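Engineer: protein-v1.json is reproduced below (JSON, C-alpha atoms and all ligand atoms).
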[["chain", "number", "residue", "atom", "x", "y", "z"],
["A", 283, "MET", "CA", 108.17, 11.11, 20.59],
["A", 284, "THR", "CA", 108.15, 14.88, 20.17],
["A", 285, "GLY", "CA", 109.70, 16.74, 17.29],
["A", 286, "VAL", "CA", 110.70, 15.33, 13.92],
["A", 287, "GLY", "CA", 113.03, 12.58, 12.79],
["A", 288, "PRO", "CA", 115.89, 12.78, 10.29],
["A", 289, "HIS", "CA", 115.11, 14.92, 7.21],
["A", 290, "PRO", "CA", 114.68, 12.86, 4.01],
["A", 291, "GLU", "CA", 117.43, 13.39, 1.46],
["A", 292, "PRO", "CA", 118.22, 15.37, -0.62],
["A", 293, "TRP", "CA", 118.46, 18.08, 2.07],
["A", 294, "PRO", "CA", 117.28, 21.61, 1.24],
["A", 295, "ASP", "CA", 120.08, 24.01, 0.33],
["A", 296, "ASP", "CA", 119.55, 26.53, 3.13],
["A", 297, "GLU", "CA", 122.36, 27.82, 5.33],
["A", 298, "ARG", "CA", 119.91, 28.35, 8.22],
["A", 299, "LEU", "CA", 119.59, 24.59, 8.55],
["A", 300, "ASP", "CA", 121.84, 22.56, 10.85],
["A", 301, "PRO", "CA", 123.30, 19.42, 9.18],
["A", 302, "LYS", "CA", 123.39, 17.63, 12.53],
["A", 303, "LEU", "CA", 119.67, 18.20, 13.11],
["A", 304, "LEU", "CA", 118.89, 17.22, 9.50],
["A", 305, "ALA", "CA", 120.78, 13.97, 10.03],
["A", 306, "LEU", "CA", 119.53, 13.06, 13.51],
["A", 307, "GLY", "CA", 116.14, 14.78, 13.76],
["A", 308, "ASP", "CA", 114.99, 17.81, 15.74],
["A", 309, "ARG", "CA", 113.42, 17.19, 19.16],
["A", 310, "ARG", "CA", 113.67, 20.76, 20.43],
["A", 311, "ASN", "CA", 110.75, 22.77, 21.83],
["A", 312, "VAL", "CA", 110.47, 25.03, 18.78],
["A", 313, "VAL", "CA", 107.54, 25.90, 16.49],
["A", 314, "ASP", "CA", 107.39, 23.94, 13.23],
["A", 315, "ARG", "CA", 108.66, 26.85, 11.15],
["A", 316, "TYR", "CA", 112.05, 26.56, 12.93],
["A", 317, "ARG", "CA", 112.47, 22.79, 12.58],
["A", 318, "TYR", "CA", 116.08, 21.90, 11.70],
["A", 319, "TRP", "CA", 117.20, 25.58, 11.98],
["A", 320, "ARG", "CA", 120.47, 26.42, 13.72],
["A", 321, "MET", "CA", 119.91, 28.19, 17.05],
["A", 322, "GLU", "CA", 121.72, 31.34, 15.85],
["A", 323, "ALA", "CA", 119.47, 31.47, 12.78],
["A", 324, "ILE", "CA", 116.36, 31.21, 14.97],
["A", 325, "ILE", "CA", 117.59, 33.99, 17.28],
["A", 326, "ALA", "CA", 118.42, 36.22, 14.29],
["A", 327, "ASP", "CA", 114.92, 35.67, 12.88],
["A", 328, "LEU", "CA", 113.30, 36.41, 16.27],
["A", 329, "ASP", "CA", 115.44, 39.56, 16.60],
["A", 330, "ARG", "CA", 114.01, 40.88, 13.34],
["A", 331, "ARG", "CA", 110.45, 40.49, 14.66],
["A", 332, "ARG", "CA", 110.66, 41.27, 18.40],
["A", 333, "HIS", "CA", 107.93, 43.40, 19.99],
["A", 334, "PRO", "CA", 108.99, 46.68, 21.64],
["A", 335, "PHE", "CA", 107.77, 45.75, 25.13],
["A", 336, "HIS", "CA", 110.20, 44.52, 27.79],
["A", 337, "VAL", "CA", 109.48, 42.49, 30.90],
["A", 338, "ALA", "CA", 111.23, 42.98, 34.25],
["A", 339, "ILE", "CA", 110.90, 40.93, 37.43],
["A", 340, "GLU", "CA", 112.34, 41.53, 40.87],
["A", 341, "ASN", "CA", 114.41, 38.59, 42.12],
["A", 342, "TRP", "CA", 115.32, 38.99, 45.79],
["A", 343, "GLU", "CA", 114.38, 35.48, 46.93],
["A", 344, "HIS", "CA", 114.99, 33.28, 43.84],
["A", 345, "ASP", "CA", 111.38, 33.46, 42.75],
["A", 346, "LEU", "CA", 110.44, 30.23, 40.94],
["A", 347, "ASN", "CA", 108.16, 32.20, 38.61],
["A", 348, "ILE", "CA", 111.05, 33.69, 36.68],
["A", 349, "GLY", "CA", 111.43, 30.64, 34.43],
["A", 350, "THR", "CA", 107.74, 30.84, 33.56],
["A", 351, "ILE", "CA", 108.07, 34.54, 32.80],
["A", 352, "VAL", "CA", 111.07, 33.95, 30.51],
["A", 353, "ARG", "CA", 109.20, 31.22, 28.63],
["A", 354, "THR", "CA", 106.10, 33.40, 28.26],
["A", 355, "ALA", "CA", 108.20, 36.40, 27.18],
["A", 356, "ASN", "CA", 109.67, 34.15, 24.49],
["A", 357, "ALA", "CA", 106.18, 33.06, 23.38],
["A", 358, "PHE", "CA", 104.94, 36.66, 23.13],
["A", 359, "LEU", "CA", 108.26, 37.79, 21.64],
["A", 360, "ALA", "CA", 109.24, 40.42, 24.22],
["A", 361, "ALA", "CA", 112.28, 42.50, 23.33],
["A", 362, "GLU", "CA", 114.13, 41.47, 26.51],
["A", 363, "VAL", "CA", 113.61, 40.10, 30.01],
["A", 364, "HIS", "CA", 115.24, 42.03, 32.86],
["A", 365, "ILE", "CA", 116.01, 40.37, 36.16],
["A", 366, "VAL", "CA", 116.46, 42.80, 39.01],
["A", 367, "GLY", "CA", 118.31, 41.74, 42.18],
["A", 368, "GLU", "CA", 119.91, 38.32, 42.51],
["A", 369, "ARG", "CA", 121.77, 37.23, 39.37],
["A", 370, "ARG", "CA", 120.92, 33.55, 39.84],
["A", 371, "TRP", "CA", 117.44, 32.38, 38.94],
["A", 372, "ASN", "CA", 115.80, 29.00, 38.66],
["A", 373, "ARG", "CA", 115.84, 28.05, 34.98],
["A", 374, "ARG", "CA", 113.61, 25.01, 35.29],
["A", 375, "GLY", "CA", 110.34, 26.63, 34.20],
["A", 376, "ALA", "CA", 112.04, 28.33, 31.24],
["A", 377, "MET", "CA", 112.32, 24.98, 29.39],
["A", 378, "VAL", "CA", 115.44, 26.18, 27.52],
["A", 379, "THR", "CA", 113.59, 29.20, 26.09],
["A", 380, "GLU", "CA", 116.16, 31.48, 27.79],
["A", 381, "GLN", "CA", 118.59, 30.49, 25.03],
["A", 382, "TYR", "CA", 116.40, 32.27, 22.47],
["A", 383, "GLN", "CA", 115.50, 35.22, 24.69],
["A", 384, "HIS", "CA", 117.69, 38.20, 25.60],
["A", 385, "VAL", "CA", 117.92, 38.22, 29.40],
["A", 386, "ARG", "CA", 119.65, 41.17, 31.11],
["A", 387, "HIS", "CA", 120.56, 41.47, 34.77],
["A", 388, "HIS", "CA", 120.37, 44.63, 36.93],
["A", 389, "SER", "CA", 121.63, 44.54, 40.54],
["A", 390, "THR", "CA", 119.18, 47.17, 41.77],
["A", 391, "VAL", "CA", 115.95, 48.85, 40.74],
["A", 392, "GLU", "CA", 118.03, 52.03, 40.28],
["A", 393, "ASP", "CA", 120.16, 50.22, 37.68],
["A", 394, "LEU", "CA", 117.01, 49.13, 35.83],
["A", 395, "VAL", "CA", 115.72, 52.73, 35.93],
["A", 396, "ALA", "CA", 119.03, 54.06, 34.55],
["A", 397, "TRP", "CA", 118.92, 51.52, 31.73],
["A", 398, "ALA", "CA", 115.26, 52.29, 30.91],
["A", 399, "THR", "CA", 115.91, 56.05, 30.98],
["A", 400, "ASP", "CA", 118.77, 55.64, 28.49],
["A", 401, "ALA", "CA", 116.53, 53.49, 26.29],
["A", 402, "GLY", "CA", 113.70, 56.05, 26.55],
["A", 403, "LEU", "CA", 111.29, 53.48, 27.99],
["A", 404, "PRO", "CA", 108.66, 54.14, 30.67],
["A", 405, "ILE", "CA", 108.44, 51.49, 33.40],
["A", 406, "VAL", "CA", 104.89, 50.34, 34.09],
["A", 407, "GLY", "CA", 104.44, 48.55, 37.42],
["A", 408, "VAL", "CA", 102.10, 45.56, 37.42],
["A", 409, "ASP", "CA", 100.67, 44.74, 40.83],
["A", 410, "ILE", "CA", 97.42, 44.66, 42.69],
["A", 411, "LEU", "CA", 97.95, 47.73, 44.84],
["A", 412, "PRO", "CA", 95.67, 50.51, 46.09],
["A", 413, "GLY", "CA", 95.42, 53.22, 43.43],
["A", 414, "SER", "CA", 96.39, 50.92, 40.54],
["A", 415, "VAL", "CA", 94.48, 51.28, 37.27],
["A", 416, "PRO", "CA", 92.72, 48.16, 35.91],
["A", 417, "LEU", "CA", 94.89, 46.80, 33.09],
["A", 418, "ASP", "CA", 91.96, 46.55, 30.68],
["A", 419, "GLU", "CA", 91.27, 50.30, 31.07],
["A", 420, "ALA", "CA", 94.84, 51.50, 31.40],
["A", 421, "THR", "CA", 96.95, 53.22, 28.76],
["A", 422, "LEU", "CA", 99.67, 50.77, 27.86],
["A", 423, "PRO", "CA", 102.57, 52.36, 25.95],
["A", 424, "LYS", "CA", 103.74, 50.46, 22.88],
["A", 425, "ALA", "CA", 107.40, 50.63, 23.91],
["A", 426, "CYS", "CA", 107.65, 50.07, 27.66],
["A", 427, "VAL", "CA", 108.97, 47.90, 30.48],
["A", 428, "LEU", "CA", 106.36, 45.89, 32.38],
["A", 429, "LEU", "CA", 107.74, 45.42, 35.91],
["A", 430, "PHE", "CA", 106.51, 42.59, 38.15],
["A", 431, "GLY", "CA", 107.10, 41.98, 41.84],
["A", 432, "GLN", "CA", 107.85, 38.65, 43.41],
["A", 433, "GLU", "CA", 105.79, 36.17, 45.38],
["A", 434, "GLY", "CA", 105.20, 37.45, 48.92],
["A", 435, "PRO", "CA", 106.30, 41.07, 48.98],
["A", 436, "GLY", "CA", 105.13, 42.08, 45.50],
["A", 437, "LEU", "CA", 106.70, 45.22, 44.01],
["A", 438, "SER", "CA", 109.38, 46.62, 46.37],
["A", 439, "GLU", "CA", 109.22, 50.19, 47.69],
["A", 440, "ALA", "CA", 112.05, 51.14, 45.30],
["A", 441, "ALA", "CA", 110.11, 49.68, 42.38],
["A", 442, "ARG", "CA", 106.88, 51.44, 43.37],
["A", 443, "ALA", "CA", 108.78, 54.73, 43.48],
["A", 444, "ALA", "CA", 110.35, 54.14, 40.06],
["A", 445, "VAL", "CA", 107.30, 53.36, 37.94],
["A", 446, "THR", "CA", 105.28, 55.80, 35.84],
["A", 447, "GLY", "CA", 102.07, 54.10, 36.97],
["A", 448, "ILE", "CA", 100.71, 50.80, 38.28],
["A", 449, "VAL", "CA", 98.23, 48.58, 36.50],
["A", 450, "SER", "CA", 96.37, 45.66, 38.05],
["A", 451, "ILE", "CA", 94.57, 42.64, 36.67],
["A", 452, "ARG", "CA", 91.01, 42.60, 38.00],
["A", 453, "GLN", "CA", 90.20, 39.71, 40.31],
["A", 454, "PHE", "CA", 86.91, 38.36, 41.59],
["A", 455, "GLY", "CA", 87.60, 35.58, 44.06],
["A", 456, "SER", "CA", 88.99, 35.41, 47.59],
["A", 457, "THR", "CA", 92.73, 35.15, 46.91],
["A", 458, "ARG", "CA", 94.73, 38.35, 47.35],
["A", 459, "SER", "CA", 96.72, 37.90, 44.17],
["A", 460, "LEU", "CA", 97.62, 35.80, 41.15],
["A", 461, "ASN", "CA", 100.82, 33.88, 40.84],
["A", 462, "ALA", "CA", 103.43, 36.30, 39.39],
["A", 463, "GLY", "CA", 104.02, 34.07, 36.34],
["A", 464, "VAL", "CA", 100.31, 33.98, 35.55],
["A", 465, "ALA", "CA", 100.01, 37.76, 36.06],
["A", 466, "ALA", "CA", 102.91, 38.29, 33.65],
["A", 467, "GLY", "CA", 101.21, 36.07, 31.05],
["A", 468, "VAL", "CA", 97.95, 38.01, 31.31],
["A", 469, "ALA", "CA", 99.75, 41.38, 31.06],
["A", 470, "MET", "CA", 101.85, 40.32, 28.06],
["A", 471, "HIS", "CA", 98.79, 39.02, 26.28],
["A", 472, "GLU", "CA", 97.01, 42.33, 26.94],
["A", 473, "TRP", "CA", 99.96, 44.14, 25.32],
["A", 474, "VAL", "CA", 99.72, 41.84, 22.28],
["A", 475, "ARG", "CA", 95.94, 42.29, 22.07],
["A", 476, "ARG", "CA", 96.40, 46.09, 21.96],
["A", 477, "TRP", "CA", 99.50, 46.46, 19.82],
["A", 478, "ASP", "CA", 99.71, 43.38, 17.59],
["A", 479, "PRO", "CA", 96.08, 42.39, 17.03],
["A", 480, "HIS", "CA", 95.13, 39.49, 14.80],
["A", 481, "PRO", "CA", 95.65, 40.58, 11.15],
["A", 482, "ALA", "CA", 92.11, 39.54, 10.19],
["A", 483, "GLY", "CA", 90.78, 41.99, 12.78],
["A", 484, "ARG", "CA", 88.81, 39.27, 14.51],
["B", 501, "LIG", "C1", 101.93, 37.05, 44.62],
["B", 501, "LIG", "S1", 101.97, 38.65, 44.02],
["B", 501, "LIG", "C2", 102.32, 39.66, 45.44],
["B", 501, "LIG", "C3", 101.11, 39.85, 46.26],
["B", 501, "LIG", "C4", 101.04, 41.00, 47.24],
["B", 501, "LIG", "N1", 102.19, 41.23, 48.00],
["B", 501, "LIG", "C5", 99.88, 40.81, 48.20],
["B", 501, "LIG", "O1", 99.60, 39.69, 48.63],
["B", 501, "LIG", "O2", 99.24, 41.80, 48.48],
["B", 501, "LIG", "C6", 103.47, 38.71, 43.12],
["B", 501, "LIG", "C7", 103.42, 39.57, 41.88],
["B", 501, "LIG", "O3", 102.49, 39.03, 40.95],
["B", 501, "LIG", "C8", 101.92, 40.08, 40.19],
["B", 501, "LIG", "N2", 100.46, 40.04, 40.39],
["B", 501, "LIG", "C9", 99.76, 39.11, 41.08],
["B", 501, "LIG", "N3", 98.45, 39.35, 41.02],
["B", 501, "LIG", "C10", 98.29, 40.46, 40.26],
["B", 501, "LIG", "C11", 97.16, 41.20, 39.81],
["B", 501, "LIG", "N4", 95.90, 40.84, 40.10],
["B", 501, "LIG", "N5", 97.37, 42.29, 39.06],
["B", 501, "LIG", "C12", 98.61, 42.64, 38.72],
["B", 501, "LIG", "N6", 99.73, 41.99, 39.11],
["B", 501, "LIG", "C13", 99.57, 40.90, 39.87],
["B", 501, "LIG", "C14", 102.53, 41.36, 40.68],
["B", 501, "LIG", "O4", 103.62, 41.72, 39.86],
["B", 501, "LIG", "C15", 103.01, 41.00, 42.08],
["B", 501, "LIG", "O5", 104.05, 41.82, 42.52]]
As structure tokens, how would this structure be written, given the file I've shared?
Ligand SMILES: C[S@@+](CC[C@H](N)C(=O)[O-])C[C@H]1O[C@@H](n2cnc3c(N)ncnc32)[C@H](O)[C@@H]1O
Structural biologist:
Amino acid sequence: MTGVGPHPEPWPDDERLDPKLLALGDRRNVVDRYRYWRMEAIIADLDRRRHPFHVAIENWEHDLNIGTIVRTANAFLAAEVHIVGERRWNRRGAMVTEQYQHVRHHSTVEDLVAWATDAGLPIVGVDILPGSVPLDEATLPKACVLLFGQEGPGLSEAARAAVTGIVSIRQFGSTRSLNAGVAAGVAMHEWVRRWDPHPAGR
């Protein structure tokens, strides 16, 4: 059994807590600090702490990695996830995390660029392409959009033209590339390592 059972009485006097969860138990995939919290209270708390990086993924062929990317963006507390192209995406890998994560849709790369320009955010392409800068040596702006391509084609021509630069994750084996969801996880963790390091400085 995952999660926690009914909360022993008397219940804490805290309006963030959901009486139904207190009565029946909380089996959701949430960290312990949010046990028994109402979903809106969790989202409000996350909104107060979100990191200033955004994640964008091209979705022309219903890439199955999008769910993984949404879940990982939730774990690393990205400001928002942007899906470019098809509106529909496969939610399976997200494991319900999309309900706690702001997800915005853009029909075209141009729409994403217009949104990012208004928000004052540079778009950094992430792909293993000739001329890309290794991620571990690259300048990574604190507030930015990290844009990923999809399985197969990688970053589209429109996306390549729109980015301020392209960073790549160094590889050593025979495969041409990582899975897009894995690449997104590595890139988000690199952002966290640079901009929200462990408080003890370890
Ligand atoms: C499967 S890859 C596309 C591969 C590419 N078309 C190729 O085979 O040359 C899908 C996406 O994952 C991300 N990706 C995969 N490996 C990467 C790496 N080593 N560095 C940066 N991004 C990577 C990129 O966003 C890429 O667009």
Engineer: Counting only C-alpha atoms and all ligand atoms, what are the residues, protein, DNA or RNA alike, that approach ligand LIG 501 (chain B) to within 8 Å? I want them as a PyMOL selection string.
Structural biologist: chain A and resi 339+407-411+417+429-437+449-453+458-466+469
Engineer: In file coordinates, which residues lie within 9 Å of (120.3, 11.1, 12.4) using all atoms listed in the file, given as a list in words?
Structural biologist: Gly287, Pro288, His289, Lys302, Leu303, Leu304, Ala305, Leu306 and Gly307 of chain A
Engineer: Enter the distance from CA of Ala398 in chain A to CA of Arg332 in chain A, in Å, rounded to one decimal.
Structural biologist: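 So the two atoms, CA of Ala398 in chain A and CA of Arg332 in chain A, lie 17.3 Å apart.
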Engineer: For each of A:Thr284, A:Asn356, A:Ser456, A:Thr446, take the minimum atom-to-atom distance to Leu403 in chain A, counting all atoms listed in the file, then give the residue where this is smallest.
Structural biologist: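 The closest residue to Leu403 in chain A is A:Thr446.
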Engineer: Using all atoms listed in the file, can you tell me which of A:Val366, A:Trp319, A:Leu422, A:Phe335 comes closest to Pro294 in chain A?
Structural biologist: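 Using all atoms listed in the file, Pro294 in chain A sits closest to A:Trp319.
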Engineer: If I take CA of Ala425 in chain A and CA of Arg320 in chain A, how far is one from the other in Å, to one decimal?
Structural biologist: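 Separating CA of Ala425 in chain A from CA of Arg320 in chain A is a distance of 29.3 Å.
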Engineer: Neighbouring residues of Trp397 in chain A were defined as those with any atom within 12 Å, considering all atoms listed in the file; residues of the same chain fewer than 5 positions away were excluded. Please report them as an MDAnalysis selection string.
Structural biologist: chainID A and resid 336 338 364 366 386:392 402:405 427
Engineer: Please identify all polymer residues within 10 Å of range 322-329 of chain A, counting only C-alpha atoms, omitting same-chain residues fewer than 3 positions from it, and present them as a count of residues only.
Structural biologist: 20
Engineer: If we draw a sphere of 9 Å around (96.2, 55.1, 37.2), which residues have at least one atom in it when counting only C-alpha atoms? Please report them as a PDB file with C-alpha atoms, keeping the file's coordinate frame.
Structural biologist:
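The resulting file, selection24.pdb, is shown below:
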ATOM      1  CA  GLY A 413      95.420  53.220  43.430  1.00  0.00           C
ATOM      2  CA  SER A 414      96.390  50.920  40.540  1.00  0.00           C
ATOM      3  CA  VAL A 415      94.480  51.280  37.270  1.00  0.00           C
ATOM      4  CA  PRO A 416      92.720  48.160  35.910  1.00  0.00           C
ATOM      5  CA  ALA A 420      94.840  51.500  31.400  1.00  0.00           C
ATOM      6  CA  THR A 421      96.950  53.220  28.760  1.00  0.00           C
ATOM      7  CA  GLY A 447     102.070  54.100  36.970  1.00  0.00           C
ATOM      8  CA  ILE A 448     100.710  50.800  38.280  1.00  0.00           C
ATOM      9  CA  VAL A 449      98.230  48.580  36.500  1.00  0.00           C
TER      10      VAL A 449
END
Engineer: From the options A:Thr399, A:Asn311, A:Leu346, A:Asp478, which residue's atoms come nearest to Thr379 in chain A, counting all atoms listed in the file?
Structural biologist: A:Asn311
Engineer: Which distance in Å separates CA of His480 in chain A and CA of Pro334 in chain A, to one decimal?
Structural biologist: 17.0 Å
Engineer: A:Ala440, A:Val445, A:Val363, A:Cys426: which is nearest Trp477 in chain A, counting all atoms listed in the file?
Structural biologist: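 Looking only at the distances to Trp477 in chain A, the closest residue turns out to be A:Cys426.
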Engineer: Pick out the closest residue to Val468 in chain A from this set: A:Gly375, A:Asp314, A:Thr354, A:Arg369. Count all atoms listed in the file.
Structural biologist: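 For Val468 in chain A, the nearest of the given residues is A:Thr354.
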Engineer: For Val474 in chain A, which residue out of A:Ile351, A:Val378, A:Met321, A:Ala357 is the nearest one, using all atoms listed in the file?
Structural biologist: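 Comparing A:Ile351, A:Val378, A:Met321, A:Ala357 against Val474 in chain A, the winner is A:Ala357.
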Engineer: Taking N, CA and C atoms as the atom set, what does range 425-457 of chain A look like once completed, written as an mmCIF file, in the frame of the given file?
Structural biologist:
data_model
loop_
_atom_site.group_PDB
_atom_site.id
_atom_site.type_symbol
_atom_site.label_atom_id
_atom_site.label_comp_id
_atom_site.auth_asym_id
_atom_site.auth_seq_id
_atom_site.Cartn_x
_atom_site.Cartn_y
_atom_site.Cartn_z
ATOM 1 N N ALA A 425 106.040 50.967 23.463
ATOM 2 C CA ALA A 425 107.400 50.630 23.910
ATOM 3 C C ALA A 425 107.441 50.900 25.411
ATOM 4 N N CYS A 426 107.660 49.893 26.200
ATOM 5 C CA CYS A 426 107.650 50.070 27.660
ATOM 6 C C CYS A 426 108.321 48.879 28.330
ATOM 7 N N VAL A 427 108.505 49.023 29.650
ATOM 8 C CA VAL A 427 108.970 47.900 30.480
ATOM 9 C C VAL A 427 107.816 47.571 31.426
ATOM 10 N N LEU A 428 107.379 46.328 31.427
ATOM 11 C CA LEU A 428 106.360 45.890 32.380
ATOM 12 C C LEU A 428 107.102 45.263 33.557
ATOM 13 N N LEU A 429 106.958 45.855 34.739
ATOM 14 C CA LEU A 429 107.740 45.420 35.910
ATOM 15 C C LEU A 429 106.846 44.662 36.896
ATOM 16 N N PHE A 430 107.263 43.449 37.225
ATOM 17 C CA PHE A 430 106.510 42.590 38.150
ATOM 18 C C PHE A 430 107.262 42.428 39.455
ATOM 19 N N GLY A 431 106.491 42.250 40.545
ATOM 20 C CA GLY A 431 107.100 41.980 41.840
ATOM 21 C C GLY A 431 107.201 40.485 42.051
ATOM 22 N N GLN A 432 107.705 40.087 43.202
ATOM 23 C CA GLN A 432 107.850 38.650 43.410
ATOM 24 C C GLN A 432 106.834 38.133 44.408
ATOM 25 N N GLU A 433 106.706 36.823 44.444
ATOM 26 C CA GLU A 433 105.790 36.170 45.380
ATOM 27 C C GLU A 433 106.060 36.711 46.787
ATOM 28 N N GLY A 434 105.010 36.931 47.557
ATOM 29 C CA GLY A 434 105.200 37.450 48.920
ATOM 30 C C GLY A 434 105.150 38.960 48.936
ATOM 31 N N PRO A 435 106.310 39.607 48.809
ATOM 32 C CA PRO A 435 106.300 41.070 48.980
ATOM 33 C C PRO A 435 105.651 41.853 47.843
ATOM 34 N N GLY A 436 105.604 41.286 46.635
ATOM 35 C CA GLY A 436 105.130 42.080 45.500
ATOM 36 C C GLY A 436 106.165 43.132 45.131
ATOM 37 N N LEU A 437 105.747 44.182 44.438
ATOM 38 C CA LEU A 437 106.700 45.220 44.010
ATOM 39 C C LEU A 437 107.340 45.876 45.244
ATOM 40 N N SER A 438 108.659 45.995 45.233
ATOM 41 C CA SER A 438 109.380 46.620 46.370
ATOM 42 C C SER A 438 109.072 48.111 46.424
ATOM 43 N N GLU A 439 109.421 48.736 47.551
ATOM 44 C CA GLU A 439 109.220 50.190 47.690
ATOM 45 C C GLU A 439 109.983 50.928 46.593
ATOM 46 N N ALA A 440 111.220 50.483 46.334
ATOM 47 C CA ALA A 440 112.050 51.140 45.300
ATOM 48 C C ALA A 440 111.369 51.039 43.945
ATOM 49 N N ALA A 441 110.774 49.873 43.668
ATOM 50 C CA ALA A 441 110.110 49.680 42.380
ATOM 51 C C ALA A 441 108.859 50.562 42.290
ATOM 52 N N ARG A 442 108.110 50.622 43.379
ATOM 53 C CA ARG A 442 106.880 51.440 43.370
ATOM 54 C C ARG A 442 107.222 52.912 43.113
ATOM 55 N N ALA A 443 108.385 53.330 43.651
ATOM 56 C CA ALA A 443 108.780 54.730 43.480
ATOM 57 C C ALA A 443 109.270 55.002 42.062
ATOM 58 N N ALA A 444 109.702 53.950 41.370
ATOM 59 C CA ALA A 444 110.350 54.140 40.060
ATOM 60 C C ALA A 444 109.383 54.119 38.887
ATOM 61 N N VAL A 445 108.178 53.581 39.093
ATOM 62 C CA VAL A 445 107.300 53.360 37.940
ATOM 63 C C VAL A 445 106.495 54.611 37.573
ATOM 64 N N THR A 446 106.074 54.658 36.296
ATOM 65 C CA THR A 446 105.280 55.800 35.840
ATOM 66 C C THR A 446 103.811 55.612 36.236
ATOM 67 N N GLY A 447 103.434 54.397 36.551
ATOM 68 C CA GLY A 447 102.070 54.100 36.970
ATOM 69 C C GLY A 447 101.978 52.620 37.296
ATOM 70 N N ILE A 448 100.881 52.228 37.954
ATOM 71 C CA ILE A 448 100.710 50.800 38.280
ATOM 72 C C ILE A 448 99.386 50.315 37.726
ATOM 73 N N VAL A 449 99.453 49.187 37.028
ATOM 74 C CA VAL A 449 98.230 48.580 36.500
ATOM 75 C C VAL A 449 97.989 47.258 37.229
ATOM 76 N N SER A 450 96.702 46.918 37.365
ATOM 77 C CA SER A 450 96.370 45.660 38.050
ATOM 78 C C SER A 450 95.402 44.853 37.196
ATOM 79 N N ILE A 451 95.486 43.546 37.358
ATOM 80 C CA ILE A 451 94.570 42.640 36.670
ATOM 81 C C ILE A 451 93.380 42.431 37.606
ATOM 82 N N ARG A 452 92.183 42.687 37.118
ATOM 83 C CA ARG A 452 91.010 42.600 38.000
ATOM 84 C C ARG A 452 90.801 41.179 38.468
ATOM 85 N N GLN A 453 90.465 41.037 39.723
ATOM 86 C CA GLN A 453 90.200 39.710 40.310
ATOM 87 C C GLN A 453 88.805 39.694 40.916
ATOM 88 N N PHE A 454 88.297 38.490 41.128
ATOM 89 C CA PHE A 454 86.910 38.360 41.590
ATOM 90 C C PHE A 454 86.738 37.400 42.754
ATOM 91 N N GLY A 455 87.742 36.600 43.036
ATOM 92 C CA GLY A 455 87.600 35.580 44.060
ATOM 93 C C GLY A 455 88.142 36.035 45.400
ATOM 94 N N SER A 456 88.563 35.079 46.226
ATOM 95 C CA SER A 456 88.990 35.410 47.590
ATOM 96 C C SER A 456 90.500 35.590 47.725
ATOM 97 N N THR A 457 91.268 35.068 46.758
ATOM 98 C CA THR A 457 92.730 35.150 46.910
ATOM 99 C C THR A 457 93.195 36.598 46.722
#
